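J.: One structure coming up, written as structure tokens, with questions to follow.
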Amino acid sequence: MKTFWLSWVRVAAVASMAVSWTAPGFAQEPLPSWNDTAPKRAIVAFVERVTNQVSPDFVPPAERIATFDNDGTLWAEQPIYFQLVFALDRVKALAPEHPEWKDKEPFTSLLKGDLKGALAGGEPAIFQIMTVTHSGMTTDQFEKIVSDWVATARHPKSGKLYTEMVYQPMLELLAYLRANGFKTFIVSGGGIDFMRVFAERIYGIPPEQVIGSSGKLNFELRDGKPRLMKLPELDFNDDKVGKPVAIQTHIGRHPIAAFGNSDGDLQMLEWARQGAGVRFALIVHHTDAEREWAYDRKSPVGQLDKALDVAQVEGWTIVDMKNDWKRIFPFEGK
């Protein structure tokens with residue numbers, strides 16, 4: 001389950017790598033990192049139907065809203081959610097200020113390098129970890145800490161920066177949709193303040209179009225200056241049934257397309273499919289054990305079980321990562 005308590009490439013770089021579309025004046029084939037299989041054809045057909053002004057399925061630009069999950073949809077999420085890695089690194093950095101952690105779980109296990117033992121306490125243990133690493137500071141201080149972390153932290157398998165573990169086909173899809181008048185939003189169980197640090201640089205999605213789980217904030221005057229302090233309390237969990245609620249609260253328009261990869265995205269996909277007119281729902285199915293990871297129904301991270309069944313029954317588009325993507329990461333082949 002992707003939650004805040006569990007649960008990036010400059011805009012110019014995204015454009016240079018990802019922009020390719022079939023619009024007047026452009027001869028390039030859209031979505032070059034996608035194989036010419038059913039998912040690519042379905043995406044292109046959908047976009048052409050809703051953007052053709054003489055089509056009965058035409059949708060005005062203002063109503064072309066597309067929502068994307070982040071973990072496992074726009075960037076990788078194995079072996080554990082990247083925001084949780086950030087939190088674990090913060091525990092180590094803060095340990096000198098907390099000598100009591102030597103005898104207090106889950107911190108004792110974490111400081112010994114026993115991640116399995118630390119997480120054995122389940123959600124209460126994760127809540128403690130996220131509480132001490134995501135609160136007790138101003139929003140500006142948190143932004144600086146996250147910015148410094150994403151500039152240096154590297155994935156244990158690839159050795160690449162976590163911000164390089166983005167999916168090239170999805171970067172192309174974001175650019176393709178925007179080139180055709182869509183407004184793209186992130187709607188993720190990850191922390192809103194965490195994702196907003198890098199979303200515009202990596203995905204071309206500005207902070208105001210990033211929706212995520214959030215902790216409570218408190219306005220304070222310190223030395224005569226206004227500050228927003230991050231509190232150790234959950235304000236909103238943007239996961240599962242929370243996603244449609246967040247879409248209505250933050251966007252105020254019904255998406256006509258949604259993209260996800262797990263059961264945590266099911267309700268968002270169902271919400272996007274509901275309503276009149278042409279609708280589109282897509283699931284990224286992780287099937288490539290060599291270039292990425294292969295996992296679905298029994299995975300503790302990004303579980304895809306019920307949503308896969310619903311997608312098959314409802315005829316949603318399912319991306320078989322192994323067979324439908326020519327290239328997974330931007331750094332492949334370099």
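Residue numbering restarts at 1 in every chain; chains get A, B, ... in the order shown in the structure tokens, and ligands count up from 1 in that same order.
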Residues within 10 Å of Ala311 in chain A, please, as a list of chain:residue names. Count only C-alpha atoms; anything in the same chain fewer than 3 positions from it doesn't count.
T.: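 The residues satisfying every condition are A:Leu266, A:Leu269, A:Glu270, A:Ala281, A:Leu282, A:Ile283, A:Lys306, A:Ala307, A:Leu308, A:Glu314, A:Gly315, A:Trp316, A:Thr317, A:Ile318.
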J.: Deliver the residues from the most recent selection as a file, using N, CA and C atoms, as an mmCIF file, in the first residue's frame.
T.:
data_model
loop_
_atom_site.group_PDB
_atom_site.id
_atom_site.type_symbol
_atom_site.label_atom_id
_atom_site.label_comp_id
_atom_site.auth_asym_id
_atom_site.auth_seq_id
_atom_site.Cartn_x
_atom_site.Cartn_y
_atom_site.Cartn_z
ATOM 1 N N LEU A 266 -6.490 1.899 -7.915
ATOM 2 C CA LEU A 266 -7.728 1.369 -8.496
ATOM 3 C C LEU A 266 -8.858 2.394 -8.503
ATOM 4 N N LEU A 269 -8.443 5.145 -11.074
ATOM 5 C CA LEU A 269 -8.698 4.668 -12.429
ATOM 6 C C LEU A 269 -10.196 4.495 -12.668
ATOM 7 N N GLU A 270 -10.890 3.961 -11.670
ATOM 8 C CA GLU A 270 -12.339 3.807 -11.795
ATOM 9 C C GLU A 270 -13.016 5.170 -11.917
ATOM 10 N N ALA A 281 -8.024 4.501 -19.130
ATOM 11 C CA ALA A 281 -7.340 4.038 -17.917
ATOM 12 C C ALA A 281 -6.225 3.087 -18.319
ATOM 13 N N LEU A 282 -5.056 3.260 -17.740
ATOM 14 C CA LEU A 282 -3.889 2.442 -18.090
ATOM 15 C C LEU A 282 -3.177 1.986 -16.829
ATOM 16 N N ILE A 283 -2.786 0.721 -16.834
ATOM 17 C CA ILE A 283 -2.001 0.149 -15.744
ATOM 18 C C ILE A 283 -0.644 -0.286 -16.264
ATOM 19 N N LYS A 306 -6.182 -6.879 -7.232
ATOM 20 C CA LYS A 306 -7.567 -6.575 -7.583
ATOM 21 C C LYS A 306 -7.645 -5.661 -8.799
ATOM 22 N N ALA A 307 -6.754 -4.661 -8.856
ATOM 23 C CA ALA A 307 -6.782 -3.720 -9.978
ATOM 24 C C ALA A 307 -6.485 -4.416 -11.300
ATOM 25 N N LEU A 308 -5.642 -5.447 -11.270
ATOM 26 C CA LEU A 308 -5.342 -6.205 -12.485
ATOM 27 C C LEU A 308 -6.574 -6.968 -12.955
ATOM 28 N N GLU A 314 -12.737 -4.930 -17.367
ATOM 29 C CA GLU A 314 -13.245 -3.673 -17.913
ATOM 30 C C GLU A 314 -12.594 -3.281 -19.238
ATOM 31 N N GLY A 315 -11.564 -3.982 -19.641
ATOM 32 C CA GLY A 315 -10.911 -3.670 -20.907
ATOM 33 C C GLY A 315 -9.999 -2.463 -20.857
ATOM 34 N N TRP A 316 -9.442 -2.174 -19.673
ATOM 35 C CA TRP A 316 -8.486 -1.086 -19.570
ATOM 36 C C TRP A 316 -7.193 -1.469 -20.299
ATOM 37 N N THR A 317 -6.390 -0.482 -20.598
ATOM 38 C CA THR A 317 -5.098 -0.733 -21.243
ATOM 39 C C THR A 317 -4.093 -1.186 -20.194
ATOM 40 N N ILE A 318 -3.444 -2.322 -20.444
ATOM 41 C CA ILE A 318 -2.434 -2.859 -19.529
ATOM 42 C C ILE A 318 -1.096 -2.906 -20.265
#
J.: Pick out the residues sitting within 12 Å of range 216-228 of chain A, and hand them over as a ChimeraX atom specification; count only C-alpha atoms, and ignore anything fewer than 3 positions along from it in its own chain.
T.: /A:131,134-143,191-193,213,231-237
J.: Could you find all residues in range 33-127 of chain A that DSSP calls strand (DSSP E or B) from the backbone, and write them as a ChimeraX atom specification?
T.: /A:34,65-68,71,75
J.: Using C-alpha atoms, can you export the residues from the last selection as a PDB file, in the first residue's frame?
T.:
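result_38.pdb, written as the output of this step:
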ATOM      1  CA  TRP A  34       7.126   2.256 -26.915  1.00  0.00           C
ATOM      2  CA  ILE A  65      -7.122  16.317 -17.391  1.00  0.00           C
ATOM      3  CA  ALA A  66      -4.760  13.360 -16.938  1.00  0.00           C
ATOM      4  CA  THR A  67      -3.709  12.031 -13.537  1.00  0.00           C
ATOM      5  CA  PHE A  68      -0.652   9.887 -12.837  1.00  0.00           C
ATOM      6  CA  ASP A  71       5.726   5.244  -7.403  1.00  0.00           C
ATOM      7  CA  TRP A  75       9.551   6.043 -11.492  1.00  0.00           C
TER       8      TRP A  75
END
J.: Taking only C-alpha atoms into account, which of A:Arg154, A:Arg64, A:Arg196, A:Arg90 comes nearest Phe182 in chain A?
T.: A:Arg64
J.: Which of these residues is nearest to Phe46 in chain A, using only C-alpha atoms: A:Gln83, A:Asn180, A:Ser188, A:Thr133?
T.: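 That would be A:Asn180, the residue with the smallest distance to Phe46 in chain A.
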